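J.: This structure is in C-alpha cells; I'll ask about it shortly.
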2 protein chains.
Amino acid sequence: MTILKEMMNAVGVQVNSSNSVDVQQNLVDFQTEKPVATGHDLLVKIMAVSVNPIDVAVRKQVSKSSPQPKILGWDALGTVESVGSDVSLFQPGDRVFYAGDYRRAGSDAAYQLVDERLVGHAPQKLTVPQAAAMPLTALTAWEALFEKLALSPKNNEPGQTILIINGAGGVGSIAIQLAKMAGLRVIATASRPETKAWVKKMGADLILNHRQSLPQQLRATGQQDVDYILGLNDIDGHWKEMAELIKPNGRIVSITDNQHPLDLGLLKPKSVTFAWEWMYTKSFYQLPTMITQHNTLEKISQLLDQGILHSTLRQSLEPLNAKVLQQAHKMIESNHTIGKIVICN
Amino acid sequence: MTILKEMMNAVGVQVNSSNSVDVQQNLVDFQTEKPVATGHDLLVKIMAVSVNPIDVAVRKQVSKSSPQPKILGWDALGTVESVGSDVSLFQPGDRVFYAGDYRRAGSDAAYQLVDERLVGHAPQKLTVPQAAAMPLTALTAWEALFEKLALSPKNNEPGQTILIINGAGGVGSIAIQLAKMAGLRVIATASRPETKAWVKKMGADLILNHRQSLPQQLRATGQQDVDYILGLNDIDGHWKEMAELIKPNGRIVSITDNQHPLDLGLLKPKSVTFAWEWMYTKSFYQLPTMITQHNTLEKISQLLDQGILHSTLRQSLEPLNAKVLQQAHKMIESNHTIGKIVICN
C-alpha cells in the first residue's frame with residue numbers, strides 16, 4: 001500500500017554555488033511535506049508571521065550542504081489544526097501565538113509544529129497582524145524585566161527609573177509599555193524624528209538621543225543615574241555609559257551580543273548585576289521552565305485584550321511568499337525598523 | 001583656655017623615600033588624636049581586629065605625600081565607648097562587631113569611629129577572636145548569596161547546587177556554612193590537604209581541586225552543571241569553566257576583580273546573570289541600604305550564638321602593634337591563608 005504524503009507551501013533558505021549567504025534572494029518558495037503532530041506538539045495552520053533579527057542571523061548560517069531549504073520564522077499566529085497525544089493545553093480550532101524553538105522548522109510556511117509549552121492563546125480583540133506582531137518581543141521584554149531585572153509586573157518600589165537603549169525597535173516598543181505597567185519611570189533612547197515620535201507613543205516619559213552622550217543628556221534633566229538599564233542595541237558602544245549611569249547595586253540586562261571584549265570591571269565598584277536575556281534559552285536547552293513561556297503569553301494576551309498593552313505592529317505585508325519575505329528581511333537588515341513587521345499568509 | 005586633646009596608640013602605613021609601598025615594614029606604631037563621636041558615629045574601643053586582603057590593597061595605595069600614617073583595618077570587635085547625638089541603635093558598653101567604611105580611618109588602633117548603620121551587636125557565646133573573625137567575610141558571603149544570587153536564607157527550591165571557587169579562604173569558609181544553612185548542596189574547591197580538610201570541616205558536600213579541570217572532575221561524579229557559582233579567586237583563570245559549568249538561566253557572583261578582559265559573550269546562550277559583590281559599595285556610596293549591614297550583622301550574631309554558624313577563626317595573634325600586623329599582612333600576601341587571622345588588642 002502506498003501512503004501519499006500531504007504537501008504544503010513554504011519559504012526557505014537555499015544556498016547554492018552562485019549565491020552568497022548574505023543576499024535575501026536565497027529565500028525561495030518550495031513545497032515540502034506537511035508535518036504531523038506527536039507528543040506535546042501542536043500542528044498550527046499559520047495565519048501570519050512576524051519577522052525578527054534572528055531570522056536574518058539564522059539565514060546567514062545556512063550552509064550550502066543543506067539537502068533542502070531551511071524554513072525560517074519563529075514568531076507566529078495561527079489556528080491549531082491537530083494535536084499530539086500528550087497535548088493538554090490546547091485543542092483543534094484554538095487560535096494561538098508563539099515564538100517557538102528556533103532549532104526547529106520555522107513559521108514561514110502553511111503549517112508548523114510547535115511544543116504546546118511555548119504557546120499561548122492569541123488575544124481576541126486584536127487583528128491578525130496586530131496579534132502576530134507580539135510573541136517573540138513580548139516574551140523577550142517580559143523575561144528581561146520580570147525575570148532578569150527581578151521587577152514585579154505590578155508591585156515595585158515607587159520612584160524607580162529604567163533606561164531603555166533603543167526604544168523604537170520591536171523589543172523596545174513593548175518593553176516601554178511593560179515597564180510603564182510596572183510603575184517605572186521610563187527613559188527611552190531614539191535618534192530620528194519618527195523613532196522619537198514612536199517611543200513617545202509607546203509611553204516613554206523621557207527621550208534621549210543615543211547618538212549623543214547619554215550621561216550628559218540625562219544629567220541636564222537633573223537626574224544622575226538610573227536603577228535599571230535594558231540594552232537593546234550596540235552594547236559595545238554604550239558599555240561605558242551604562243557603567244556610568246547605573247546606580248550602585250543596580251541591574252543591567254542586555255539582549256544584544258558584544259562584538260569586542262567588555263570591561264566587566266567597570267561594574268565592580270558599584271556591585272552591579274549584569275544579565276543576558278535570550279528568549280530561546282529555555283527551548284534551546286529544553287528546560288522545565290519552558291512552561292513559563294506558555295504562562296507569560298497567556299498573560300500578554302489578556303493584557304492586550306484589556307487594552308493595558310497595545311500592539312507594536314508598524315507594517316503589515318502579504319502574502320507570505322519568497323518575494324515578500326525578501327523585502328521584510330531587507331527592512332530588518334536596514335537596522336532602522338520601527339516596531340514590528342508582519343506578513344499575513 | 002587650652003584644651004588638651006586625648007591621644008591614642010595606632011598602627012598605620014607611612015611611606016617614605018627609602019620605602020617601597022610593597023613592603024610590610026611601612027606599617028608603623030604611632031600616636032594620634034583619639035577621635036570624638038558625632039552624628040550617627042559610635043566611638044569603639046577596639047578589642048580585636050581581623051586582617052583581610054583589602055588591608056593589603058589599601059596599604060599599597062598609600063602615597064608618599066600623606067602627612068601622617070594611614071590607619072588600616074576594617075573588620076573589628078570592640079566596646080562602644082561613646083555615641084554621637086543621632087545614634088539610636090547602640091549605647092555605651094555594648095559589645096559590637098563590624099566591617100565599617102574603608103575610606104575612613106581603620107580599626108588598627110585603640111579606638112575607631114564607625115557609623116552605627118554598619119554595626120551589629122557581637123555574638124555573646126564566642127570568644128573575642130572568634131567573633132572578631134566574622135564581620136567582613138560574613139557580610140560579603142551573605143550579600144553574595146542572599147542579595148546577588150537572590151537565594152533565601154531558609155526557603156529555596158530543593159536540590160540546588162552551588163559551586164564555591166576557593167572554599168578555604170575567609171569568605172569561602174563562611175559562604176559554605178551559609179549555603180548549607182540555605183539548603184544547598186555545596187561543592188567547594190581546594191587544592192592542598194590542609195585546605196581540603198578545612199572546607200570539609202566547614203560543611204562542603206564535595207571538594208574539587210581548582211588546579212585541575214573543574215568540569216572534568218564534576219562530571220566524573222555524574223553531575224553536569226550547577227545552579228550557582230560563587231567566585232572567590234582567579235576569575236580570569238576560571239571564567240571559561242564557570243561558563244561551561246553554570247546551568248542555563250543560572251547565576252554567577254564574584255568578589256575578585258578580573259585582570260584581563262573577560263569574554264562576557266560566553267554567558268549569552270545560557271542567559272546567565274553575572275553579579276559583582278563588593279561589601280563596601282553601600283558605605284562607599286552612602287546608600288540608604290547601609291542599614292541592611294546592621295540588620296545582617298544582627299542575624300549573623302544570632303546564628304553564631306545559636307551554633308548554626310561557626311567562627312572561621314584559624315589563627316589569633318597579639319598584641320595589636322606594627323610588628324604583629326606586619327606578620328599578619330605577610331600571611332595574607334602569601335595567598336595561602338586558611339580561614340581568618342585575628343589580632344587581639
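Chain labels run A, B, ... following the order of the C-alpha cells; each chain numbers its residues from 1, and ligands are numbered from 1 in the order shown.
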Just want the 12 Å neighbourhood of Leu313 in chain A, counted on only C-alpha atoms, with same-chain residues fewer than 4 positions away dropped. Output as JSON, numbers by chain.
T.: {"A": [49, 50, 51, 126, 127, 128, 129, 130, 131, 132, 133, 134, 135, 137, 168, 169, 170, 171, 173, 174, 198, 202, 317, 337, 338, 339, 340, 341, 342, 343]}
J.: Residues of chain A within 8 Å of chain B, counting only C-alpha atoms, what are they? List them as a PDB file with all heavy atoms, in the first residue's frame.
T.:
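Listed below is the output, out.pdb:
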```
ATOM      1  N   LYS A 148      14.957  38.693  34.631  1.00  0.00           N
ATOM      2  CA  LYS A 148      16.367  39.072  34.769  1.00  0.00           C
ATOM      3  C   LYS A 148      16.563  40.301  35.655  1.00  0.00           C
ATOM      4  O   LYS A 148      17.497  40.355  36.461  1.00  0.00           O
ATOM      5  CB  LYS A 148      16.978  39.317  33.391  1.00  0.00           C
ATOM      6  CG  LYS A 148      16.978  38.089  32.506  1.00  0.00           C
ATOM      7  CD  LYS A 148      17.713  36.930  33.151  1.00  0.00           C
ATOM      8  CE  LYS A 148      17.692  35.692  32.263  1.00  0.00           C
ATOM      9  NZ  LYS A 148      18.439  34.587  32.869  1.00  0.00           N
ATOM     10  N   PRO A 248      24.546  52.370  42.108  1.00  0.00           N
ATOM     11  CA  PRO A 248      25.192  51.303  42.876  1.00  0.00           C
ATOM     12  C   PRO A 248      24.172  50.205  43.201  1.00  0.00           C
ATOM     13  O   PRO A 248      23.014  50.520  43.529  1.00  0.00           O
ATOM     14  CB  PRO A 248      25.659  52.014  44.151  1.00  0.00           C
ATOM     15  CG  PRO A 248      25.783  53.451  43.759  1.00  0.00           C
ATOM     16  CD  PRO A 248      24.727  53.690  42.728  1.00  0.00           C
ATOM     17  N   ASN A 249      24.607  48.958  43.094  1.00  0.00           N
ATOM     18  CA  ASN A 249      23.722  47.796  43.261  1.00  0.00           C
ATOM     19  C   ASN A 249      22.600  47.741  42.232  1.00  0.00           C
ATOM     20  O   ASN A 249      21.603  47.032  42.427  1.00  0.00           O
ATOM     21  CB  ASN A 249      23.156  47.712  44.685  1.00  0.00           C
ATOM     22  CG  ASN A 249      24.184  47.192  45.674  1.00  0.00           C
ATOM     23  OD1 ASN A 249      24.905  46.247  45.367  1.00  0.00           O
ATOM     24  ND2 ASN A 249      24.288  47.806  46.832  1.00  0.00           N
ATOM     25  N   ASP A 257      24.427  40.836  21.576  1.00  0.00           N
ATOM     26  CA  ASP A 257      25.809  40.367  21.755  1.00  0.00           C
ATOM     27  C   ASP A 257      26.807  41.504  21.700  1.00  0.00           C
ATOM     28  O   ASP A 257      26.632  42.453  20.945  1.00  0.00           O
ATOM     29  CB  ASP A 257      26.179  39.417  20.599  1.00  0.00           C
ATOM     30  CG  ASP A 257      25.535  38.067  20.757  1.00  0.00           C
ATOM     31  OD1 ASP A 257      25.374  37.626  21.899  1.00  0.00           O
ATOM     32  OD2 ASP A 257      25.178  37.467  19.731  1.00  0.00           O
ATOM     33  N   ASN A 258      27.906  41.334  22.457  1.00  0.00           N
ATOM     34  CA  ASN A 258      29.035  42.253  22.289  1.00  0.00           C
ATOM     35  C   ASN A 258      29.898  41.789  21.121  1.00  0.00           C
ATOM     36  O   ASN A 258      30.010  40.595  20.839  1.00  0.00           O
ATOM     37  CB  ASN A 258      29.868  42.340  23.567  1.00  0.00           C
ATOM     38  CG  ASN A 258      30.299  40.988  24.093  1.00  0.00           C
ATOM     39  OD1 ASN A 258      29.482  40.094  24.245  1.00  0.00           O
ATOM     40  ND2 ASN A 258      31.585  40.835  24.361  1.00  0.00           N
ATOM     41  N   PRO A 261      35.620  42.648  23.462  1.00  0.00           N
ATOM     42  CA  PRO A 261      35.601  42.376  24.904  1.00  0.00           C
ATOM     43  C   PRO A 261      35.083  43.595  25.670  1.00  0.00           C
ATOM     44  O   PRO A 261      35.390  44.732  25.314  1.00  0.00           O
ATOM     45  CB  PRO A 261      37.075  42.114  25.229  1.00  0.00           C
ATOM     46  CG  PRO A 261      37.713  41.764  23.931  1.00  0.00           C
ATOM     47  CD  PRO A 261      36.968  42.534  22.885  1.00  0.00           C
ATOM     48  N   LEU A 262      34.309  43.357  26.696  1.00  0.00           N
ATOM     49  CA  LEU A 262      33.759  44.447  27.504  1.00  0.00           C
ATOM     50  C   LEU A 262      34.505  44.485  28.828  1.00  0.00           C
ATOM     51  O   LEU A 262      34.828  43.443  29.391  1.00  0.00           O
ATOM     52  CB  LEU A 262      32.277  44.204  27.758  1.00  0.00           C
ATOM     53  CG  LEU A 262      31.395  44.154  26.510  1.00  0.00           C
ATOM     54  CD1 LEU A 262      29.993  43.709  26.879  1.00  0.00           C
ATOM     55  CD2 LEU A 262      31.363  45.508  25.832  1.00  0.00           C
ATOM     56  N   ASP A 263      34.745  45.674  29.327  1.00  0.00           N
ATOM     57  CA  ASP A 263      35.458  45.811  30.594  1.00  0.00           C
ATOM     58  C   ASP A 263      34.480  45.606  31.758  1.00  0.00           C
ATOM     59  O   ASP A 263      33.899  46.545  32.288  1.00  0.00           O
ATOM     60  CB  ASP A 263      36.103  47.199  30.665  1.00  0.00           C
ATOM     61  CG  ASP A 263      36.988  47.344  31.889  1.00  0.00           C
ATOM     62  OD1 ASP A 263      37.070  46.389  32.692  1.00  0.00           O
ATOM     63  OD2 ASP A 263      37.598  48.417  32.049  1.00  0.00           O
ATOM     64  N   LEU A 264      34.322  44.333  32.120  1.00  0.00           N
ATOM     65  CA  LEU A 264      33.364  43.965  33.168  1.00  0.00           C
ATOM     66  C   LEU A 264      33.724  44.638  34.497  1.00  0.00           C
ATOM     67  O   LEU A 264      32.845  44.933  35.313  1.00  0.00           O
ATOM     68  CB  LEU A 264      33.367  42.435  33.320  1.00  0.00           C
ATOM     69  CG  LEU A 264      32.229  41.747  34.050  1.00  0.00           C
ATOM     70  CD1 LEU A 264      30.880  42.152  33.518  1.00  0.00           C
ATOM     71  CD2 LEU A 264      32.378  40.231  33.962  1.00  0.00           C
ATOM     72  N   GLY A 265      35.019  44.896  34.700  1.00  0.00           N
ATOM     73  CA  GLY A 265      35.481  45.521  35.936  1.00  0.00           C
ATOM     74  C   GLY A 265      34.885  46.901  36.181  1.00  0.00           C
ATOM     75  O   GLY A 265      34.835  47.357  37.331  1.00  0.00           O
ATOM     76  N   LEU A 267      31.953  47.616  36.301  1.00  0.00           N
ATOM     77  CA  LEU A 267      30.738  47.455  37.116  1.00  0.00           C
ATOM     78  C   LEU A 267      31.043  47.053  38.551  1.00  0.00           C
ATOM     79  O   LEU A 267      30.135  46.973  39.377  1.00  0.00           O
ATOM     80  CB  LEU A 267      29.819  46.399  36.484  1.00  0.00           C
ATOM     81  CG  LEU A 267      29.432  46.591  35.013  1.00  0.00           C
ATOM     82  CD1 LEU A 267      28.489  45.474  34.566  1.00  0.00           C
ATOM     83  CD2 LEU A 267      28.763  47.950  34.787  1.00  0.00           C
ATOM     84  N   LYS A 268      32.311  46.798  38.862  1.00  0.00           N
ATOM     85  CA  LYS A 268      32.671  46.245  40.169  1.00  0.00           C
ATOM     86  C   LYS A 268      32.466  47.210  41.328  1.00  0.00           C
ATOM     87  O   LYS A 268      31.858  46.822  42.335  1.00  0.00           O
ATOM     88  CB  LYS A 268      34.135  45.772  40.130  1.00  0.00           C
ATOM     89  CG  LYS A 268      34.696  45.271  41.448  1.00  0.00           C
ATOM     90  CD  LYS A 268      34.468  43.778  41.644  1.00  0.00           C
ATOM     91  CE  LYS A 268      34.750  43.315  43.049  1.00  0.00           C
ATOM     92  NZ  LYS A 268      36.152  43.393  43.449  1.00  0.00           N
ATOM     93  N   PRO A 269      32.971  48.454  41.267  1.00  0.00           N
ATOM     94  CA  PRO A 269      32.822  49.319  42.450  1.00  0.00           C
ATOM     95  C   PRO A 269      31.369  49.497  42.882  1.00  0.00           C
ATOM     96  O   PRO A 269      31.088  49.638  44.058  1.00  0.00           O
ATOM     97  CB  PRO A 269      33.420  50.662  41.982  1.00  0.00           C
ATOM     98  CG  PRO A 269      34.330  50.308  40.857  1.00  0.00           C
ATOM     99  CD  PRO A 269      33.719  49.119  40.178  1.00  0.00           C
ATOM    100  N   LYS A 270      30.465  49.469  41.911  1.00  0.00           N
ATOM    101  CA  LYS A 270      29.046  49.646  42.242  1.00  0.00           C
ATOM    102  C   LYS A 270      28.344  48.318  42.520  1.00  0.00           C
ATOM    103  O   LYS A 270      27.119  48.300  42.692  1.00  0.00           O
ATOM    104  CB  LYS A 270      28.339  50.363  41.103  1.00  0.00           C
ATOM    105  CG  LYS A 270      28.748  51.823  40.909  1.00  0.00           C
ATOM    106  CD  LYS A 270      27.897  52.443  39.801  1.00  0.00           C
ATOM    107  CE  LYS A 270      28.338  53.847  39.447  1.00  0.00           C
ATOM    108  NZ  LYS A 270      27.662  54.322  38.214  1.00  0.00           N
ATOM    109  N   SER A 271      29.078  47.214  42.498  1.00  0.00           N
ATOM    110  CA  SER A 271      28.457  45.887  42.701  1.00  0.00           C
ATOM    111  C   SER A 271      27.243  45.693  41.796  1.00  0.00           C
ATOM    112  O   SER A 271      26.178  45.247  42.226  1.00  0.00           O
ATOM    113  CB  SER A 271      28.036  45.684  44.167  1.00  0.00           C
ATOM    114  OG  SER A 271      29.148  45.557  45.003  1.00  0.00           O
ATOM    115  N   VAL A 272      27.414  46.027  40.527  1.00  0.00           N
ATOM    116  CA  VAL A 272      26.304  45.939  39.583  1.00  0.00           C
ATOM    117  C   VAL A 272      26.083  44.489  39.137  1.00  0.00           C
ATOM    118  O   VAL A 272      27.018  43.701  39.061  1.00  0.00           O
ATOM    119  CB  VAL A 272      26.585  46.825  38.352  1.00  0.00           C
ATOM    120  CG1 VAL A 272      25.558  46.604  37.245  1.00  0.00           C
ATOM    121  CG2 VAL A 272      26.633  48.285  38.779  1.00  0.00           C
ATOM    122  N   THR A 273      24.829  44.161  38.868  1.00  0.00           N
ATOM    123  CA  THR A 273      24.474  42.861  38.310  1.00  0.00           C
ATOM    124  C   THR A 273      24.205  43.018  36.816  1.00  0.00           C
ATOM    125  O   THR A 273      23.469  43.925  36.409  1.00  0.00           O
ATOM    126  CB  THR A 273      23.217  42.310  39.015  1.00  0.00           C
ATOM    127  OG1 THR A 273      23.521  42.082  40.389  1.00  0.00           O
ATOM    128  CG2 THR A 273      22.752  41.005  38.376  1.00  0.00           C
ATOM    129  N   PHE A 274      24.807  42.143  36.015  1.00  0.00           N
ATOM    130  CA  PHE A 274      24.596  42.167  34.569  1.00  0.00           C
ATOM    131  C   PHE A 274      23.978  40.847  34.135  1.00  0.00           C
ATOM    132  O   PHE A 274      24.512  39.780  34.439  1.00  0.00           O
ATOM    133  CB  PHE A 274      25.922  42.364  33.821  1.00  0.00           C
ATOM    134  CG  PHE A 274      25.750  42.261  32.330  1.00  0.00           C
ATOM    135  CD1 PHE A 274      25.389  43.374  31.596  1.00  0.00           C
ATOM    136  CD2 PHE A 274      25.875  41.045  31.681  1.00  0.00           C
ATOM    137  CE1 PHE A 274      25.184  43.284  30.218  1.00  0.00           C
ATOM    138  CE2 PHE A 274      25.669  40.942  30.300  1.00  0.00           C
ATOM    139  CZ  PHE A 274      25.328  42.068  29.572  1.00  0.00           C
ATOM    140  N   ALA A 275      22.889  40.909  33.406  1.00  0.00           N
ATOM    141  CA  ALA A 275      22.238  39.673  32.945  1.00  0.00           C
ATOM    142  C   ALA A 275      22.062  39.685  31.440  1.00  0.00           C
ATOM    143  O   ALA A 275      21.757  40.718  30.848  1.00  0.00           O
ATOM    144  CB  ALA A 275      20.870  39.530  33.613  1.00  0.00           C
ATOM    145  N   TRP A 276      22.288  38.525  30.833  1.00  0.00           N
ATOM    146  CA  TRP A 276      21.912  38.334  29.442  1.00  0.00           C
ATOM    147  C   TRP A 276      20.480  37.831  29.386  1.00  0.00           C
ATOM    148  O   TRP A 276      20.073  37.020  30.222  1.00  0.00           O
ATOM    149  CB  TRP A 276      22.799  37.285  28.781  1.00  0.00           C
ATOM    150  CG  TRP A 276      24.200  37.671  28.488  1.00  0.00           C
ATOM    151  CD1 TRP A 276      25.324  37.149  29.050  1.00  0.00           C
ATOM    152  CD2 TRP A 276      24.649  38.637  27.520  1.00  0.00           C
ATOM    153  NE1 TRP A 276      26.440  37.731  28.499  1.00  0.00           N
ATOM    154  CE2 TRP A 276      26.051  38.647  27.548  1.00  0.00           C
ATOM    155  CE3 TRP A 276      23.998  39.494  26.625  1.00  0.00           C
ATOM    156  CZ2 TRP A 276      26.827  39.471  26.737  1.00  0.00           C
ATOM    157  CZ3 TRP A 276      24.764  40.319  25.817  1.00  0.00           C
ATOM    158  CH2 TRP A 276      26.147  40.301  25.872  1.00  0.00           C
ATOM    159  N   GLU A 277      19.741  38.294  28.395  1.00  0.00           N
ATOM    160  CA  GLU A 277      18.418  37.725  28.133  1.00  0.00           C
ATOM    161  C   GLU A 277      18.390  37.226  26.701  1.00  0.00           C
ATOM    162  O   GLU A 277      18.616  37.995  25.766  1.00  0.00           O
ATOM    163  CB  GLU A 277      17.323  38.776  28.338  1.00  0.00           C
ATOM    164  CG  GLU A 277      15.970  38.450  27.708  1.00  0.00           C
ATOM    165  CD  GLU A 277      15.354  37.112  28.144  1.00  0.00           C
ATOM    166  OE1 GLU A 277      15.694  36.618  29.243  1.00  0.00           O
ATOM    167  OE2 GLU A 277      14.528  36.566  27.373  1.00  0.00           O
ATOM    168  N   TRP A 278      18.141  35.937  26.552  1.00  0.00           N
ATOM    169  CA  TRP A 278      17.927  35.353  25.233  1.00  0.00           C
ATOM    170  C   TRP A 278      16.702  34.469  25.355  1.00  0.00           C
ATOM    171  O   TRP A 278      16.713  33.473  26.059  1.00  0.00           O
ATOM    172  CB  TRP A 278      19.154  34.541  24.799  1.00  0.00           C
ATOM    173  CG  TRP A 278      19.097  34.080  23.382  1.00  0.00           C
ATOM    174  CD1 TRP A 278      18.766  34.831  22.281  1.00  0.00           C
ATOM    175  CD2 TRP A 278      19.360  32.760  22.897  1.00  0.00           C
ATOM    176  NE1 TRP A 278      18.821  34.067  21.151  1.00  0.00           N
ATOM    177  CE2 TRP A 278      19.188  32.789  21.488  1.00  0.00           C
ATOM    178  CE3 TRP A 278      19.730  31.566  23.501  1.00  0.00           C
ATOM    179  CZ2 TRP A 278      19.352  31.669  20.695  1.00  0.00           C
ATOM    180  CZ3 TRP A 278      19.912  30.456  22.706  1.00  0.00           C
ATOM    181  CH2 TRP A 278      19.728  30.505  21.318  1.00  0.00           C
ATOM    182  N   THR A 281      16.707  30.581  25.189  1.00  0.00           N
ATOM    183  CA  THR A 281      17.463  29.711  26.107  1.00  0.00           C
ATOM    184  C   THR A 281      16.600  28.557  26.614  1.00  0.00           C
ATOM    185  O   THR A 281      17.031  27.402  26.634  1.00  0.00           O
ATOM    186  CB  THR A 281      18.011  30.535  27.289  1.00  0.00           C
ATOM    187  OG1 THR A 281      18.936  31.496  26.792  1.00  0.00           O
ATOM    188  CG2 THR A 281      18.708  29.644  28.307  1.00  0.00           C
ATOM    189  N   LYS A 282      15.363  28.853  27.005  1.00  0.00           N
ATOM    190  CA  LYS A 282      14.516  27.803  27.601  1.00  0.00           C
ATOM    191  C   LYS A 282      14.221  26.673  26.625  1.00  0.00           C
ATOM    192  O   LYS A 282      14.239  25.504  27.004  1.00  0.00           O
ATOM    193  CB  LYS A 282      13.223  28.425  28.130  1.00  0.00           C
ATOM    194  CG  LYS A 282      13.443  29.318  29.342  1.00  0.00           C
ATOM    195  CD  LYS A 282      12.181  30.094  29.726  1.00  0.00           C
ATOM    196  CE  LYS A 282      12.460  31.044  30.886  1.00  0.00           C
ATOM    197  NZ  LYS A 282      11.352  31.997  31.087  1.00  0.00           N
ATOM    198  N   TYR A 285      17.650  24.679  25.496  1.00  0.00           N
ATOM    199  CA  TYR A 285      18.118  23.694  26.474  1.00  0.00           C
ATOM    200  C   TYR A 285      16.989  22.790  26.987  1.00  0.00           C
ATOM    201  O   TYR A 285      17.196  22.015  27.897  1.00  0.00           O
ATOM    202  CB  TYR A 285      18.813  24.391  27.651  1.00  0.00           C
ATOM    203  CG  TYR A 285      20.127  25.039  27.249  1.00  0.00           C
ATOM    204  CD1 TYR A 285      20.196  26.406  26.979  1.00  0.00           C
ATOM    205  CD2 TYR A 285      21.283  24.281  27.117  1.00  0.00           C
ATOM    206  CE1 TYR A 285      21.395  27.000  26.600  1.00  0.00           C
ATOM    207  CE2 TYR A 285      22.484  24.860  26.734  1.00  0.00           C
ATOM    208  CZ  TYR A 285      22.536  26.216  26.478  1.00  0.00           C
ATOM    209  OH  TYR A 285      23.713  26.800  26.100  1.00  0.00           O
TER     210      TYR A 285
END
```
J.: Just want the 10 Å neighbourhood of Leu89 in chain B, counted on only C-alpha atoms, with same-chain residues fewer than 4 positions away dropped. Output as a PyMOL selection string.
T.: chain B and resi 40+42+83+116-117+119-121+294
J.: Export N, CA and C atoms of the chosen residues as a PDB file, in the first residue's frame?
T.:
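Output below, filename part.pdb:
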```pdb
ATOM      1  N   HIS B  40      25.831  59.969  63.598  1.00  0.00           N
ATOM      2  CA  HIS B  40      25.486  58.545  63.687  1.00  0.00           C
ATOM      3  C   HIS B  40      26.676  57.685  64.110  1.00  0.00           C
ATOM      4  N   LEU B  42      29.611  55.806  66.298  1.00  0.00           N
ATOM      5  CA  LEU B  42      29.978  55.229  67.583  1.00  0.00           C
ATOM      6  C   LEU B  42      31.490  55.376  67.721  1.00  0.00           C
ATOM      7  N   VAL B  83      28.761  57.696  72.088  1.00  0.00           N
ATOM      8  CA  VAL B  83      27.949  57.711  70.860  1.00  0.00           C
ATOM      9  C   VAL B  83      27.657  59.145  70.436  1.00  0.00           C
ATOM     10  N   GLU B 116      26.820  53.794  62.984  1.00  0.00           N
ATOM     11  CA  GLU B 116      26.047  52.731  63.637  1.00  0.00           C
ATOM     12  C   GLU B 116      25.295  51.839  62.645  1.00  0.00           C
ATOM     13  N   ARG B 117      24.964  52.373  61.472  1.00  0.00           N
ATOM     14  CA  ARG B 117      24.201  51.587  60.486  1.00  0.00           C
ATOM     15  C   ARG B 117      25.013  50.456  59.879  1.00  0.00           C
ATOM     16  N   VAL B 119      26.961  48.505  61.886  1.00  0.00           N
ATOM     17  CA  VAL B 119      27.440  47.785  63.073  1.00  0.00           C
ATOM     18  C   VAL B 119      26.374  46.837  63.612  1.00  0.00           C
ATOM     19  N   GLY B 120      26.813  45.692  64.138  1.00  0.00           N
ATOM     20  CA  GLY B 120      25.889  44.777  64.809  1.00  0.00           C
ATOM     21  C   GLY B 120      26.357  44.487  66.226  1.00  0.00           C
ATOM     22  N   HIS B 121      25.434  43.996  67.073  1.00  0.00           N
ATOM     23  CA  HIS B 121      25.843  43.536  68.398  1.00  0.00           C
ATOM     24  C   HIS B 121      26.636  42.244  68.242  1.00  0.00           C
ATOM     25  N   HIS B 294      23.714  46.572  59.235  1.00  0.00           N
ATOM     26  CA  HIS B 294      23.355  46.424  60.655  1.00  0.00           C
ATOM     27  C   HIS B 294      22.456  45.197  60.829  1.00  0.00           C
TER      28      HIS B 294
END
```
J.: Do you know which residues are at most 10 Å from range 23-32 of chain A counting only C-alpha atoms, after dropping those on the same chain fewer than 5 positions away, and could you put them as a PyMOL selection string?
T.: chain A and resi 5-16+56+59-60+62+68-72+108-110+320-330+333
J.: Could you check which of B:Asn155, B:Val44, B:Val58, B:Leu145 is closest to Gln112 in chain B, using only C-alpha atoms?
T.: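 Closest residue, counting only C-alpha atoms: B:Val44.
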J.: Could you list, as a PyMOL selection string, every residue within 8 Å of Glu244 in chain A, counting only C-alpha atoms and ignoring same-chain residues fewer than 3 positions away?
T.: chain A and resi 215+225+240-241
J.: Write out as a ChimeraX atom specification all residues of range 125-267 of chain A that backbone DSSP assigns to helix (DSSP H, G or I).
T.: /A:128-132,135-148,170-181,193-202,214-220,235-245,264-267
J.: What residues in range 10-253 of chain B get the DSSP label strand (DSSP E or B)? Please answer as a ChimeraX atom specification.
T.: /B:10-13,27-33,41-51,70-71,76-83,95-98,109,111-115,119-121,161-165,185-189,206-208,226-231,246-253
J.: With only C-alpha atoms as the basis for distance, which of B:Gln177, B:Ser334, B:Asn166, B:Thr221 is at the shortest distance from Gly307 in chain B?
T.: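 Of B:Gln177, B:Ser334, B:Asn166, B:Thr221, the one nearest Gly307 in chain B, counting only C-alpha atoms, is B:Gln177.
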J.: Could you tell me which of B:Gly167, B:Pro288, B:Pro67, B:Gly172 comes closest to Arg192 in chain B if we count only C-alpha atoms?
T.: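 The shortest atom-to-atom distance to Arg192 in chain B comes from B:Gly167.
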J.: Do a neighbour search on Asp94 in chain A at 6 Å with only C-alpha atoms, toss out local chain neighbours closer than 3 positions, and write the hits as a short mmCIF file (atom, residue, chain, number, x, y, z; two decimals) with all heavy atoms, in the first residue's frame.
T.:
```cif
data_model
loop_
_atom_site.label_atom_id
_atom_site.label_comp_id
_atom_site.auth_asym_id
_atom_site.auth_seq_id
_atom_site.Cartn_x
_atom_site.Cartn_y
_atom_site.Cartn_z
N THR A 79 -3.98 28.83 13.71
CA THR A 79 -5.06 28.04 14.30
C THR A 79 -4.58 26.61 14.49
O THR A 79 -3.95 26.04 13.59
CB THR A 79 -6.27 28.02 13.33
OG1 THR A 79 -6.59 29.36 12.98
CG2 THR A 79 -7.47 27.37 14.00
N VAL A 80 -4.87 26.06 15.65
CA VAL A 80 -4.46 24.67 15.90
C VAL A 80 -5.24 23.75 14.98
O VAL A 80 -6.48 23.73 15.01
CB VAL A 80 -4.68 24.28 17.38
CG1 VAL A 80 -4.34 22.80 17.60
CG2 VAL A 80 -3.84 25.16 18.30
N GLN A 91 -6.69 22.71 22.02
CA GLN A 91 -7.41 21.76 21.16
C GLN A 91 -7.58 22.33 19.77
O GLN A 91 -7.44 23.54 19.57
CB GLN A 91 -8.74 21.38 21.79
CG GLN A 91 -9.59 22.54 22.26
CD GLN A 91 -10.75 22.06 23.12
OE1 GLN A 91 -11.10 20.88 23.07
NE2 GLN A 91 -11.35 22.96 23.87
#
```
